[in-house]
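What follows is the content of model.tsv, which has TSV, C-alpha atoms:
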chain	number	residue	atom	x	y	z
U	1	MET	CA	-141.59	20.78	53.72
U	2	SER	CA	-139.98	19.33	56.79
U	3	ARG	CA	-141.32	15.86	57.36
U	4	PHE	CA	-140.81	13.97	60.61
U	5	MET	CA	-142.44	11.29	62.76
U	6	PHE	CA	-143.01	11.44	66.49
U	7	ARG	CA	-142.17	8.43	68.57
U	8	PHE	CA	-144.47	8.36	71.57
U	9	THR	CA	-142.85	5.54	73.52
U	10	LEU	CA	-139.62	4.12	74.82
U	11	VAL	CA	-137.97	1.53	72.61
U	12	LEU	CA	-138.57	-1.77	74.40
U	13	SER	CA	-134.95	-2.78	74.02
U	14	ARG	CA	-134.14	0.11	76.39
U	15	ARG	CA	-136.50	-1.02	79.11
U	16	ALA	CA	-133.53	-1.66	81.42
U	17	ALA	CA	-133.63	2.09	82.02
U	18	ALA	CA	-137.38	1.97	82.73
U	19	LYS	CA	-139.60	0.67	85.48
U	20	PHE	CA	-142.28	-1.98	84.98
U	21	VAL	CA	-145.52	-1.24	86.85
U	22	LEU	CA	-149.24	-1.95	86.73
U	23	LEU	CA	-151.50	0.98	86.17
U	24	PRO	CA	-153.86	1.48	89.12
U	25	ASN	CA	-157.29	-0.13	88.99
U	26	ILE	CA	-157.09	-1.35	85.38
U	27	GLY	CA	-154.08	-3.70	85.54
U	28	VAL	CA	-152.55	-2.57	82.23
U	29	PRO	CA	-148.75	-2.87	82.14
U	30	ALA	CA	-146.69	0.16	81.10
U	31	PHE	CA	-143.10	1.28	81.16
U	32	ILE	CA	-142.56	4.44	83.17
U	33	ARG	CA	-139.47	6.59	82.85
U	34	PRO	CA	-138.28	9.22	85.36
U	35	VAL	CA	-139.85	12.63	84.88
U	36	ALA	CA	-136.70	14.67	84.33
U	37	THR	CA	-136.87	16.13	80.85
U	38	SER	CA	-138.43	19.44	81.80
U	39	SER	CA	-136.59	19.82	85.07
U	40	GLY	CA	-135.28	23.36	85.46
U	41	LEU	CA	-136.95	24.47	82.24
U	42	ARG	CA	-139.65	27.11	82.31
U	43	SER	CA	-143.03	25.86	81.17
U	44	LEU	CA	-144.38	27.44	78.01
U	45	THR	CA	-148.00	26.45	78.66
U	46	ARG	CA	-151.10	28.07	80.05
U	47	TYR	CA	-151.43	25.34	82.69
U	48	ASP	CA	-149.78	25.72	86.09
U	49	GLU	CA	-148.62	23.07	88.55
U	50	LYS	CA	-152.00	23.15	90.33
U	51	THR	CA	-153.80	21.54	87.41
U	52	ASP	CA	-155.14	18.20	88.66
U	53	TRP	CA	-154.28	16.01	85.71
U	54	GLN	CA	-155.20	12.85	87.59
U	55	LYS	CA	-158.81	14.00	87.75
U	56	LYS	CA	-158.79	15.26	84.17
U	57	LEU	CA	-157.32	12.07	82.65
U	58	THR	CA	-157.78	8.33	82.89
U	59	PRO	CA	-155.06	6.51	84.87
U	60	GLU	CA	-153.40	5.25	81.72
U	61	GLN	CA	-153.54	8.65	80.02
U	62	TYR	CA	-151.98	10.22	83.11
U	63	VAL	CA	-149.07	7.78	83.15
U	64	VAL	CA	-148.43	8.28	79.45
U	65	THR	CA	-148.65	12.08	79.26
U	66	ARG	CA	-147.57	13.32	82.69
U	67	GLU	CA	-145.17	10.57	83.83
U	68	LYS	CA	-143.55	9.77	80.47
U	69	GLY	CA	-145.02	6.27	80.28
U	70	THR	CA	-145.84	4.17	77.23
U	71	GLU	CA	-148.15	1.43	76.06
U	72	MET	CA	-147.27	-1.99	74.72
U	73	PRO	CA	-146.60	-2.05	70.95
U	74	PHE	CA	-149.43	-3.19	68.66
U	75	SER	CA	-151.93	-2.64	71.49
U	76	GLY	CA	-153.07	0.91	70.73
U	77	LEU	CA	-156.67	1.65	69.84
U	78	TYR	CA	-155.71	3.85	66.87
U	79	LEU	CA	-152.85	1.84	65.40
U	80	ASN	CA	-154.93	0.90	62.34
U	81	HIS	CA	-157.34	3.83	62.54
U	82	SER	CA	-157.92	5.38	59.10
U	83	GLU	CA	-160.73	7.95	59.52
U	84	VAL	CA	-160.23	11.48	58.19
U	85	GLY	CA	-159.79	14.34	60.63
U	86	MET	CA	-157.44	15.86	63.19
U	87	TYR	CA	-155.77	14.13	66.14
U	88	HIS	CA	-155.92	16.36	69.24
U	89	CYS	CA	-154.00	16.35	72.52
U	90	VAL	CA	-155.93	14.32	75.10
U	91	CYS	CA	-154.89	16.78	77.83
U	92	CYS	CA	-155.73	20.17	76.34
U	93	ASP	CA	-157.53	19.37	73.05
U	94	THR	CA	-154.86	21.12	70.96
U	95	PRO	CA	-154.72	19.86	67.33
U	96	LEU	CA	-151.45	17.99	66.88
U	97	PHE	CA	-151.55	15.88	63.71
U	98	SER	CA	-153.71	15.57	60.64
U	99	SER	CA	-154.88	12.16	59.49
U	100	GLU	CA	-153.32	13.06	56.13
U	101	ALA	CA	-149.90	12.73	57.77
U	102	LYS	CA	-150.60	9.32	59.34
U	103	TYR	CA	-148.96	6.20	57.91
U	104	ASP	CA	-148.02	2.66	58.90
U	105	SER	CA	-144.44	2.58	60.21
U	106	GLY	CA	-144.52	-1.09	61.21
U	107	THR	CA	-143.23	-0.27	64.71
U	108	GLY	CA	-146.42	-1.01	66.65
U	109	TRP	CA	-147.44	2.61	67.23
U	110	PRO	CA	-149.24	5.09	64.95
U	111	ALA	CA	-146.81	7.37	63.11
U	112	PHE	CA	-147.16	10.79	61.50
U	113	ASN	CA	-144.73	12.31	59.02
U	114	GLU	CA	-145.25	15.90	60.18
U	115	ALA	CA	-146.91	17.96	62.91
U	116	HIS	CA	-149.92	20.07	61.99
U	117	GLY	CA	-148.82	23.62	61.10
U	118	THR	CA	-145.26	22.76	60.09
U	119	TRP	CA	-143.80	24.80	57.23
U	120	GLU	CA	-140.70	23.09	55.85
U	121	ARG	CA	-138.34	23.13	58.89
U	122	ASP	CA	-140.27	25.87	60.64
U	123	GLU	CA	-142.30	24.49	63.57
U	124	SER	CA	-143.13	27.89	65.08
U	125	HIS	CA	-146.79	27.47	64.09
U	126	ALA	CA	-146.98	23.82	65.07
U	127	SER	CA	-148.36	22.75	68.45
U	128	ILE	CA	-145.24	20.88	69.50
U	129	ILE	CA	-141.92	21.88	71.04
U	130	ARG	CA	-138.61	20.01	71.23
U	131	ARG	CA	-136.37	19.79	74.27
U	132	PRO	CA	-133.08	17.96	74.95
U	133	ASP	CA	-133.42	14.77	77.01
U	134	ASN	CA	-130.52	12.86	78.60
U	135	THR	CA	-132.47	10.72	81.05
U	136	LEU	CA	-131.60	7.47	79.26
U	137	GLY	CA	-127.89	8.19	79.25
U	138	SER	CA	-127.73	9.44	75.66
U	139	ALA	CA	-128.56	12.71	73.97
U	140	GLU	CA	-132.12	12.57	72.63
U	141	THR	CA	-134.81	15.07	71.69
U	142	GLU	CA	-138.14	14.92	73.51
U	143	VAL	CA	-141.29	16.27	71.89
U	144	LEU	CA	-144.03	17.87	74.02
U	145	CYS	CA	-147.37	19.55	73.47
U	146	LYS	CA	-146.69	23.27	73.31
U	147	HIS	CA	-149.85	24.15	75.23
U	148	CYS	CA	-149.80	21.74	78.18
U	149	ASP	CA	-146.33	20.15	78.32
U	150	ALA	CA	-147.81	16.70	77.65
U	151	HIS	CA	-145.07	14.21	76.79
U	152	LEU	CA	-145.43	13.13	73.15
U	153	GLY	CA	-142.28	11.10	72.59
U	154	HIS	CA	-138.85	11.37	70.99
U	155	VAL	CA	-137.44	11.98	67.51
U	156	PHE	CA	-135.10	9.29	66.16
U	157	LYS	CA	-132.97	9.45	62.99
U	158	ASP	CA	-133.85	5.99	61.71
U	159	GLY	CA	-136.95	6.73	59.68
U	160	PRO	CA	-137.50	6.70	55.91
U	161	GLU	CA	-136.47	9.36	53.40
U	162	PRO	CA	-136.47	12.27	52.93
U	163	THR	CA	-135.76	13.25	56.57
U	164	GLY	CA	-134.68	9.93	58.09
U	165	GLN	CA	-136.62	10.80	61.27
U	166	ARG	CA	-139.12	8.49	62.97
U	167	ASN	CA	-141.52	8.76	65.89
U	168	PRO	CA	-144.29	6.18	66.48
U	169	ALA	CA	-147.25	7.71	68.35
U	170	ARG	CA	-148.63	6.72	71.74
U	171	THR	CA	-152.36	6.45	71.21
U	172	ASN	CA	-153.25	7.20	74.81
U	173	GLN	CA	-151.99	10.72	74.15
U	174	ILE	CA	-154.27	11.55	71.20
U	175	PRO	CA	-157.94	10.66	70.70
U	176	ALA	CA	-159.10	9.65	67.26
U	177	PRO	CA	-161.10	12.14	65.19
U	178	SER	CA	-164.32	10.17	65.78
U	179	ASN	CA	-163.91	10.75	69.52
U	180	LEU	CA	-163.57	14.46	68.95
U	181	LEU	CA	-166.96	14.69	67.29
U	182	GLY	CA	-168.71	12.08	69.35
U	183	LYS	CA	-169.63	10.30	66.12
U	184	LYS	CA	-168.40	6.88	65.14
U	185	ASN	CA	-167.04	6.26	61.65
U	186	LYS	CA	-167.75	9.76	60.39
U	187	VAL	CA	-165.36	12.70	60.57
U	188	THR	CA	-165.63	15.88	58.51
U	189	ALA	CA	-163.38	18.87	57.95
U	190	GLU	CA	-164.95	20.50	61.01
U	191	ALA	CA	-162.73	18.22	63.11
U	192	VAL	CA	-159.77	20.42	62.24
U	193	GLY	CA	-160.83	22.80	65.00
U	194	GLY	CA	-158.20	25.45	65.69
U	195	ALA	CA	-156.76	25.12	62.22
U	196	LYS	CA	-159.84	26.77	60.66
U	197	SER	CA	-158.69	30.30	61.57
U	198	ARG	CA	-155.34	29.87	59.80
U	199	PRO	CA	-155.17	28.26	56.34
U	200	ARG	CA	-152.69	25.48	55.94
U	201	PRO	CA	-149.49	26.78	54.29
U	202	GLN	CA	-149.06	25.78	50.68
U	203	ARG	CA	-146.20	23.47	49.91
U	204	ARG	CA	-143.33	25.00	48.03
U	205	PRO	CA	-142.38	23.31	44.78
U	206	PRO	CA	-139.64	20.72	45.26
U	207	LYS	CA	-136.11	21.90	44.65
U	208	LYS	CA	-134.45	20.78	41.48
U	209	PRO	CA	-131.97	17.96	42.04
U	210	LYS	CA	-128.39	19.09	42.36
U	211	VAL	CA	-126.48	18.70	39.12
U	212	ASN	CA	-123.05	17.09	39.21
U	213	PRO	CA	-120.85	19.27	36.92
U	214	ILE	CA	-118.51	16.46	35.92
U	215	GLU	CA	-121.37	14.14	34.95
U	216	GLU	CA	-122.88	16.64	32.53
U	217	THR	CA	-119.48	17.35	30.97
U	218	LEU	CA	-119.10	15.46	27.71
U	219	PRO	CA	-115.67	14.20	26.65
U	220	ALA	CA	-114.21	15.37	23.37
U	221	GLN	CA	-115.06	13.29	20.34
U	222	ASN	CA	-112.58	10.80	18.89
U	223	ILE	CA	-110.35	10.77	21.98
U	224	ASP	CA	-107.22	8.70	21.40
U	225	ILE	CA	-105.30	8.01	24.61
U	226	GLN	CA	-102.24	6.96	22.63
U	227	GLN	CA	-102.14	10.37	20.92
U	228	MET	CA	-102.51	12.07	24.32
U	229	GLY	CA	-99.12	10.71	25.31
U	230	GLY	CA	-96.20	13.10	25.74
U	231	THR	CA	-95.55	16.43	27.46
U	232	TRP	CA	-98.20	19.00	28.32
U	233	TYR	CA	-97.49	22.46	29.79
U	234	LEU	CA	-100.09	23.93	32.15
U	235	VAL	CA	-101.26	27.28	30.75
U	236	ASN	CA	-104.37	28.25	32.76
U	237	ALA	CA	-106.43	26.82	35.62
U	238	ALA	CA	-109.97	27.76	36.64
U	239	SER	CA	-111.16	26.82	40.12
U	240	LYS	CA	-112.61	28.05	43.39
U	241	CYS	CA	-110.26	25.89	45.45
U	242	ASN	CA	-108.72	27.59	48.47
U	243	PHE	CA	-105.13	27.07	47.32
U	244	LEU	CA	-105.58	28.93	44.04
U	245	MET	CA	-107.74	31.62	45.64
U	246	LYS	CA	-104.92	32.36	48.10
U	247	ASN	CA	-101.88	31.64	45.92
U	248	GLY	CA	-103.13	32.32	42.41
U	249	LEU	CA	-100.54	35.06	41.86
U	250	LYS	CA	-97.66	32.90	43.10
U	251	VAL	CA	-98.17	29.70	41.12
U	252	GLU	CA	-95.15	27.94	39.60
U	253	ALA	CA	-94.59	26.53	36.13
U	254	THR	CA	-96.06	23.02	35.89
U	255	VAL	CA	-95.48	20.24	33.35
U	256	MET	CA	-97.48	17.02	32.97
U	257	THR	CA	-96.31	13.97	31.02
U	258	PHE	CA	-98.69	11.22	29.87
U	259	THR	CA	-97.38	7.70	29.24
U	260	PRO	CA	-100.10	5.68	27.45
U	261	PRO	CA	-100.80	2.13	28.67
U	262	SER	CA	-98.84	-0.63	26.99
U	263	SER	CA	-101.66	-3.17	27.32
U	264	PRO	CA	-105.47	-3.11	27.57
U	265	GLY	CA	-106.72	-2.57	31.11
U	266	SER	CA	-103.55	-0.81	32.23
U	267	PRO	CA	-103.78	2.74	33.62
U	268	LEU	CA	-102.51	5.94	32.05
U	269	SER	CA	-99.23	6.84	33.79
U	270	VAL	CA	-98.94	10.52	34.70
U	271	SER	CA	-95.88	12.45	35.86
U	272	THR	CA	-96.27	16.06	37.07
U	273	THR	CA	-93.32	18.33	37.86
U	274	THR	CA	-93.52	21.71	39.57
U	275	ARG	CA	-91.60	23.86	42.02
U	276	LEU	CA	-92.41	24.41	45.70
U	277	ASN	CA	-90.28	26.63	47.95
U	278	HIS	CA	-87.60	26.84	45.24
U	279	GLN	CA	-87.35	23.04	45.06
U	280	CYS	CA	-88.43	20.95	42.09
U	281	TRP	CA	-90.80	18.06	42.84
U	282	LYS	CA	-92.20	15.21	40.76
U	283	ILE	CA	-95.52	13.47	41.47
U	284	LEU	CA	-96.24	10.07	39.93
U	285	GLN	CA	-99.88	9.04	39.47
U	286	ALA	CA	-101.97	6.49	37.57
U	287	TYR	CA	-105.28	7.44	35.90
U	288	THR	CA	-107.70	4.54	35.53
U	289	ILE	CA	-109.20	4.40	32.03
U	290	THR	CA	-112.98	3.93	32.12
U	291	PRO	CA	-115.14	2.29	29.41
U	292	THR	CA	-116.20	5.79	28.31
U	293	PRO	CA	-113.49	7.31	26.07
U	294	GLY	CA	-112.17	10.52	27.57
U	295	ARG	CA	-113.26	9.72	31.14
U	296	LEU	CA	-110.58	8.81	33.68
U	297	VAL	CA	-110.41	8.27	37.44
U	298	LEU	CA	-107.62	9.03	39.89
U	299	ASN	CA	-108.35	6.64	42.75
U	300	GLY	CA	-108.22	7.89	46.32
U	301	SER	CA	-107.86	5.94	49.56
U	302	ARG	CA	-111.67	5.67	49.61
U	303	PRO	CA	-114.19	5.85	46.75
U	304	GLU	CA	-115.52	9.19	47.99
U	305	LEU	CA	-111.99	10.60	47.63
U	306	ASN	CA	-111.67	9.62	43.97
U	307	THR	CA	-110.98	12.35	41.42
U	308	ASP	CA	-113.09	12.15	38.27
U	309	ILE	CA	-111.33	13.43	35.15
U	310	VAL	CA	-112.76	14.32	31.74
U	311	ILE	CA	-110.78	15.28	28.65
U	312	GLY	CA	-113.26	17.87	27.45
U	313	GLU	CA	-111.48	19.51	24.51
U	314	THR	CA	-108.33	18.58	22.59
U	315	ASP	CA	-106.82	18.33	19.13
U	316	HIS	CA	-104.08	16.03	20.51
U	317	SER	CA	-101.35	18.17	18.93
U	318	SER	CA	-101.58	21.68	20.42
U	319	TYR	CA	-104.00	22.01	23.35
U	320	ALA	CA	-106.20	20.07	25.79
U	321	VAL	CA	-108.84	21.09	28.33
U	322	LEU	CA	-109.18	18.72	31.29
U	323	TYR	CA	-111.85	18.75	34.00
U	324	PHE	CA	-111.00	17.47	37.49
U	325	GLN	CA	-113.63	16.95	40.20
U	326	LYS	CA	-113.03	15.75	43.74
U	327	GLN	CA	-115.76	15.87	46.40
U	328	GLU	CA	-117.88	18.21	44.25
U	329	GLN	CA	-114.96	20.67	43.81
U	330	LEU	CA	-114.46	21.31	40.09
U	331	THR	CA	-111.15	22.45	38.56
U	332	MET	CA	-110.50	23.07	34.86
U	333	LYS	CA	-107.02	23.10	33.34
U	334	LEU	CA	-105.79	24.24	29.94
U	335	TYR	CA	-102.61	22.54	28.67
U	336	GLY	CA	-100.43	23.28	25.65
U	337	ARG	CA	-97.91	21.12	23.83
U	338	SER	CA	-95.21	23.82	23.98
U	339	LYS	CA	-94.04	26.54	26.34
U	340	ASP	CA	-95.26	29.16	23.91
U	341	THR	CA	-98.52	30.92	24.68
U	342	LEU	CA	-101.56	29.44	22.98
U	343	SER	CA	-103.57	31.44	20.47
U	344	GLU	CA	-106.15	33.96	21.62
U	345	ASP	CA	-108.90	31.79	20.17
U	346	ILE	CA	-107.93	28.86	22.40
U	347	LEU	CA	-107.56	31.10	25.47
U	348	ASP	CA	-110.99	32.64	24.81
U	349	LYS	CA	-112.48	29.20	24.29
U	350	PHE	CA	-111.17	28.05	27.68
U	351	GLU	CA	-112.55	31.14	29.42
U	352	ASP	CA	-115.96	30.56	27.81
U	353	LEU	CA	-115.99	26.91	28.91
U	354	ALA	CA	-115.01	27.92	32.44
U	355	ASN	CA	-117.68	30.59	32.57
U	356	LYS	CA	-120.34	27.98	31.70
U	357	LYS	CA	-119.27	26.09	34.83
U	358	GLY	CA	-119.63	29.17	37.01
U	359	LEU	CA	-115.91	29.95	36.89
U	360	GLY	CA	-115.67	33.51	35.62
U	361	LEU	CA	-112.47	35.45	34.99
U	362	ALA	CA	-112.03	36.02	38.73
U	363	TYR	CA	-111.40	32.28	39.08
U	364	VAL	CA	-109.05	31.87	36.10
U	365	PHE	CA	-105.33	31.80	36.96
U	366	ALA	CA	-102.46	31.95	34.46
U	367	PHE	CA	-99.35	29.81	34.99
U	368	PRO	CA	-95.88	31.00	33.92
U	369	ASN	CA	-94.39	29.68	30.68
U	370	TYR	CA	-90.81	29.90	31.94
U	371	SER	CA	-88.58	28.40	34.64
U	372	HIS	CA	-89.87	24.85	34.25
U	373	CYS	CA	-88.21	22.05	36.20
U	374	MET	CA	-85.97	20.11	33.83
U	375	SER	CA	-84.93	17.38	36.29
U	376	VAL	CA	-85.85	16.16	39.79
U	377	ASP	CA	-83.63	14.17	42.17
U	378	GLU	CA	-84.96	10.92	43.66
U	379	ASP	CA	-85.39	12.44	47.12
U	380	HIS	CA	-88.09	14.74	45.79
U	381	VAL	CA	-90.25	12.22	43.93
U	382	ILE	CA	-93.69	11.47	45.40
U	383	ASN	CA	-94.98	8.10	44.22
U	384	CYS	CA	-98.77	8.05	44.28
U	385	VAL	CA	-99.11	4.74	42.43
U	386	PRO	CA	-101.53	3.15	43.00
U	387	ILE	CA	-102.74	5.82	45.45
U	388	CYS	CA	-101.40	8.42	47.84
Written as structure tokens, how would this file's structure read?
Amino acid sequence: MSRFMFRFTLVLSRRAAAKFVLLPNIGVPAFIRPVATSSGLRSLTRYDEKTDWQKKLTPEQYVVTREKGTEMPFSGLYLNHSEVGMYHCVCCDTPLFSSEAKYDSGTGWPAFNEAHGTWERDESHASIIRRPDNTLGSAETEVLCKHCDAHLGHVFKDGPEPTGQRNPARTNQIPAPSNLLGKKNKVTAEAVGGAKSRPRPQRRPPKKPKVNPIEETLPAQNIDIQQMGGTWYLVNAASKCNFLMKNGLKVEATVMTFTPPSSPGSPLSVSTTTRLNHQCWKILQAYTITPTPGRLVLNGSRPELNTDIVIGETDHSSYAVLYFQKQEQLTMKLYGRSKDTLSEDILDKFEDLANKKGLGLAYVFAFPNYSHCMSVDEDHVINCVPIC
């Protein structure tokens, strides 16, 4: 379910864009912003411009709801209010927030983590609307009462998880549940009012956390990096990457050579040769060896650009299945020790492993076992050590 908090005031650090005044008759200071948010926008309410809000509201309520004002932080009557019930709009008595959604944000204004009637991200049944607001010189989103255009505040993306949105509430806008019933310290379910005719939507079960394919891939047992050294010919690749999807029928023969580290802590040196536009190229890389045998890392310019590598299957002497994942894009590669085609059992095994990762036969591409690059001149060597 979508969860958000409504900020019903200007941030005091922005008061340079506001005007300091005294409310008439009661001498309470407030910050008033220009009324420009709804300019040129058609009202969606049942109230017209003739409604005398000054007679209907107290002076402070009028400034807050009709002139976009605010109250001083930590001064609101309902900041620490904890009674059970529904908070209604002070202008039109529309239910806005349930006390179940109220929490302490530490900002000096009451905060609610969702509007009443919200279903996940769907606010069509809630009593609030959002409109763009540029009156402070930056793009913001103003929140108003759907039924009377009362200003409720702004949504900011600096709140807690899961939505990261925050909006402390201006208490002059919404009376406490006890005020709705005219009874102090006692509020029952009857305070819900308009919500009685429509049951509250049931929450959907939370989505299962997204599984990282490379993390659940176990390396082969008894991996020996020293035995992995030598030449490997690329036989098949399984991936949904754009390059293979577009050029899968035009791939060139590719050879990879592993040079094991000569000392502990040194990387695994990798040399890959292939042909592009009839020209042979060589790419030099260094795979960092992790504490987990069979897990390697090809470092990128930033950690989020690293490529995680797992040696998933190998007998060291005839074949190896490697998993590569970069930015959640998984690619599987089947290598053989010779140019000759691997046995049907190994080919079937690779296809089964790929299918378990959601890479069916439509995403498996065969590489040629002929026309390999035997040598590459220095002008066509790309050195990616330590990184590219």
If you count all atoms listed in the file, which residues fall within 12 Å of U:Leu347, apart from same-chain ones fewer than 5 positions away, as a ChimeraX atom specification? /U:235-238,319-321,333-336,341-342,352-354,361,364-366
Between atom CA of U:Tyr87 and atom CA of U:Lys55, what is the spacing in Å?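 Result for atom CA of U:Lys55 versus atom CA of U:Tyr87: 21.8 Å, one decimal.
Distance check against U:Thr274 using all atoms listed in the file: of U:Phe97, U:Phe350, U:Tyr78, U:Tyr233, the minimum falls on U:Tyr233.
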Rounded to one decimal place, report the atom CA of U:Met72-atom CA of U:Gly85 distance in Å.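 Those two atoms sit 24.9 Å apart.
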Give the answer as one residue: which of U:Glu120, U:Ile128, U:Cys91, U:Ala362 has the shortest atom-to-atom distance to U:Arg204, using all atoms listed in the file?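 Using all atoms listed in the file, the shortest distance to U:Arg204 belongs to U:Glu120.
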So which residues touch U:Ala150 within 10 Å, counting all atoms listed in the file, skipping near sequence neighbours fewer than 6 positions away, as a ChimeraX atom specification? /U:45,62,64-68,89-92,128,143-144,173
Using only C-alpha atoms, list the residues that have an atom at most 10 Å from (-145.2, 19.9, 61.4), coordinates as in the file, as a ChimeraX atom specification. /U:1-5,96-98,101,112-128
Separating atom CA of U:Gly358 from atom CA of U:Leu276, to the nearest tenth of an Å, is a gap of 29.0 Å
Return as CSV the residues of stretch 213-267 of chain U lying at most 12 Å from stretch 305-312 of chain U, together with the closest atom-to-atom pair for each and the distance in Å to one decimal, counting only C-alpha atoms, with rows in chain order and ascending residue number.
residue,atom,partner,partner_atom,distance
U:Pro213,CA,U:Asp308,CA,10.6
U:Ile214,CA,U:Asp308,CA,7.3
U:Glu215,CA,U:Asp308,CA,9.1
U:Glu216,CA,U:Val310,CA,10.4
U:Thr217,CA,U:Gly312,CA,7.2
U:Leu218,CA,U:Gly312,CA,6.3
U:Pro219,CA,U:Gly312,CA,4.5
U:Ala220,CA,U:Gly312,CA,4.9
U:Gln221,CA,U:Gly312,CA,8.6
U:Asn222,CA,U:Ile311,CA,10.9
U:Ile223,CA,U:Ile311,CA,8.1
U:Asp224,CA,U:Ile311,CA,10.4
U:Ile225,CA,U:Ile311,CA,10.0
U:Met228,CA,U:Ile311,CA,9.9
Tell me, as an MDAnalysis selection string, which residues lie within 9 Å of U:Asn369, counting all atoms listed in the file; anything in the same chain fewer than 2 positions away does not count. chainID U and resid 233:235 253:254 338:341 367 371:372
Spatial neighbours of U:Met256, 7 Å, only C-alpha atoms, chain gap at least 3 places, as an MDAnalysis selection string: chainID U and resid 231:233 270:273
Same residues, C-alpha atoms, output as a PDB file, in the frame of the given file:
ATOM      1  CA  THR U 231     -95.550  16.430  27.460  1.00  0.00           C
ATOM      2  CA  TRP U 232     -98.200  19.000  28.320  1.00  0.00           C
ATOM      3  CA  TYR U 233     -97.490  22.460  29.790  1.00  0.00           C
ATOM      4  CA  VAL U 270     -98.940  10.520  34.700  1.00  0.00           C
ATOM      5  CA  SER U 271     -95.880  12.450  35.860  1.00  0.00           C
ATOM      6  CA  THR U 272     -96.270  16.060  37.070  1.00  0.00           C
ATOM      7  CA  THR U 273     -93.320  18.330  37.860  1.00  0.00           C
TER       8      THR U 273
END
Best match for closeness to U:Val385 among U:Pro291, U:Pro267, U:Pro95, U:Pro110, counting only C-alpha atoms: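 Residue with the minimum atom-to-atom distance to U:Val385: U:Pro267.
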Just give me the residues with any atom within 9 Å of (-152.2, 1.4, 66.3), file coordinates, counting all atoms listed in the file, written as a PDB file with C-alpha atoms, in the coordinates of the input.
ATOM      1  CA  PRO U  73    -146.600  -2.050  70.950  1.00  0.00           C
ATOM      2  CA  PHE U  74    -149.430  -3.190  68.660  1.00  0.00           C
ATOM      3  CA  SER U  75    -151.930  -2.640  71.490  1.00  0.00           C
ATOM      4  CA  GLY U  76    -153.070   0.910  70.730  1.00  0.00           C
ATOM      5  CA  LEU U  77    -156.670   1.650  69.840  1.00  0.00           C
ATOM      6  CA  TYR U  78    -155.710   3.850  66.870  1.00  0.00           C
ATOM      7  CA  LEU U  79    -152.850   1.840  65.400  1.00  0.00           C
ATOM      8  CA  ASN U  80    -154.930   0.900  62.340  1.00  0.00           C
ATOM      9  CA  HIS U  81    -157.340   3.830  62.540  1.00  0.00           C
ATOM     10  CA  ASP U 104    -148.020   2.660  58.900  1.00  0.00           C
ATOM     11  CA  GLY U 108    -146.420  -1.010  66.650  1.00  0.00           C
ATOM     12  CA  TRP U 109    -147.440   2.610  67.230  1.00  0.00           C
ATOM     13  CA  PRO U 110    -149.240   5.090  64.950  1.00  0.00           C
ATOM     14  CA  ALA U 111    -146.810   7.370  63.110  1.00  0.00           C
ATOM     15  CA  ALA U 169    -147.250   7.710  68.350  1.00  0.00           C
ATOM     16  CA  ARG U 170    -148.630   6.720  71.740  1.00  0.00           C
ATOM     17  CA  THR U 171    -152.360   6.450  71.210  1.00  0.00           C
TER      18      THR U 171
END
Judged by all atoms listed in the file, the minimum distance to U:His88 among U:Lys326, U:Arg130, U:Arg302, U:His147 is found for U:His147
Counting only C-alpha atoms, which of U:Asn355, U:Ser318, U:Asn277, U:Thr259 gets nearest to U:Ser343?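 So, comparing all the options, the nearest one is U:Ser318.
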Extract, using all atoms listed in the file, all DNA, RNA and protein residues at most 9 Å from stretch 281-283 of chain U, discarding same-chain residues fewer than 2 positions from it, and format them as a list in words. Val270, Ser271, Thr272, Thr273, Thr274, Arg275, Leu276, Gln279, Gln285, Cys373, Ser375, Val376, Asp377, Glu378, Asp379, His380, Val381, Ile382, Asn383 and Cys384 of chain U
Which residue gives the smallest distance to U:Ser263 among U:Ile289, U:Met332, U:Cys280, U:Leu57, with only C-alpha atoms counted? U:Ile289
Just add N, CA and C atoms to stretch 86-93 of chain U and send it as a short mmCIF file (atom, residue, chain, number, x, y, z; two decimals), in the frame of the given file.
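Just written: selection_17.cif:
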data_model
loop_
_atom_site.label_atom_id
_atom_site.label_comp_id
_atom_site.auth_asym_id
_atom_site.auth_seq_id
_atom_site.Cartn_x
_atom_site.Cartn_y
_atom_site.Cartn_z
N MET U 86 -158.60 15.35 62.48
CA MET U 86 -157.44 15.86 63.19
C MET U 86 -157.28 15.14 64.52
N TYR U 87 -156.07 14.75 64.85
CA TYR U 87 -155.77 14.13 66.14
C TYR U 87 -155.38 15.24 67.13
N HIS U 88 -156.13 15.31 68.25
CA HIS U 88 -155.92 16.36 69.24
C HIS U 88 -155.23 15.81 70.48
N CYS U 89 -154.61 16.71 71.25
CA CYS U 89 -154.00 16.35 72.52
C CYS U 89 -155.10 15.94 73.50
N VAL U 90 -154.92 14.81 74.18
CA VAL U 90 -155.93 14.32 75.10
C VAL U 90 -155.98 15.16 76.37
N CYS U 91 -154.92 15.95 76.63
CA CYS U 91 -154.89 16.78 77.83
C CYS U 91 -155.56 18.13 77.63
N CYS U 92 -155.25 18.80 76.52
CA CYS U 92 -155.73 20.17 76.34
C CYS U 92 -156.52 20.38 75.05
N ASP U 93 -156.73 19.32 74.27
CA ASP U 93 -157.53 19.37 73.05
C ASP U 93 -156.88 20.20 71.94
#
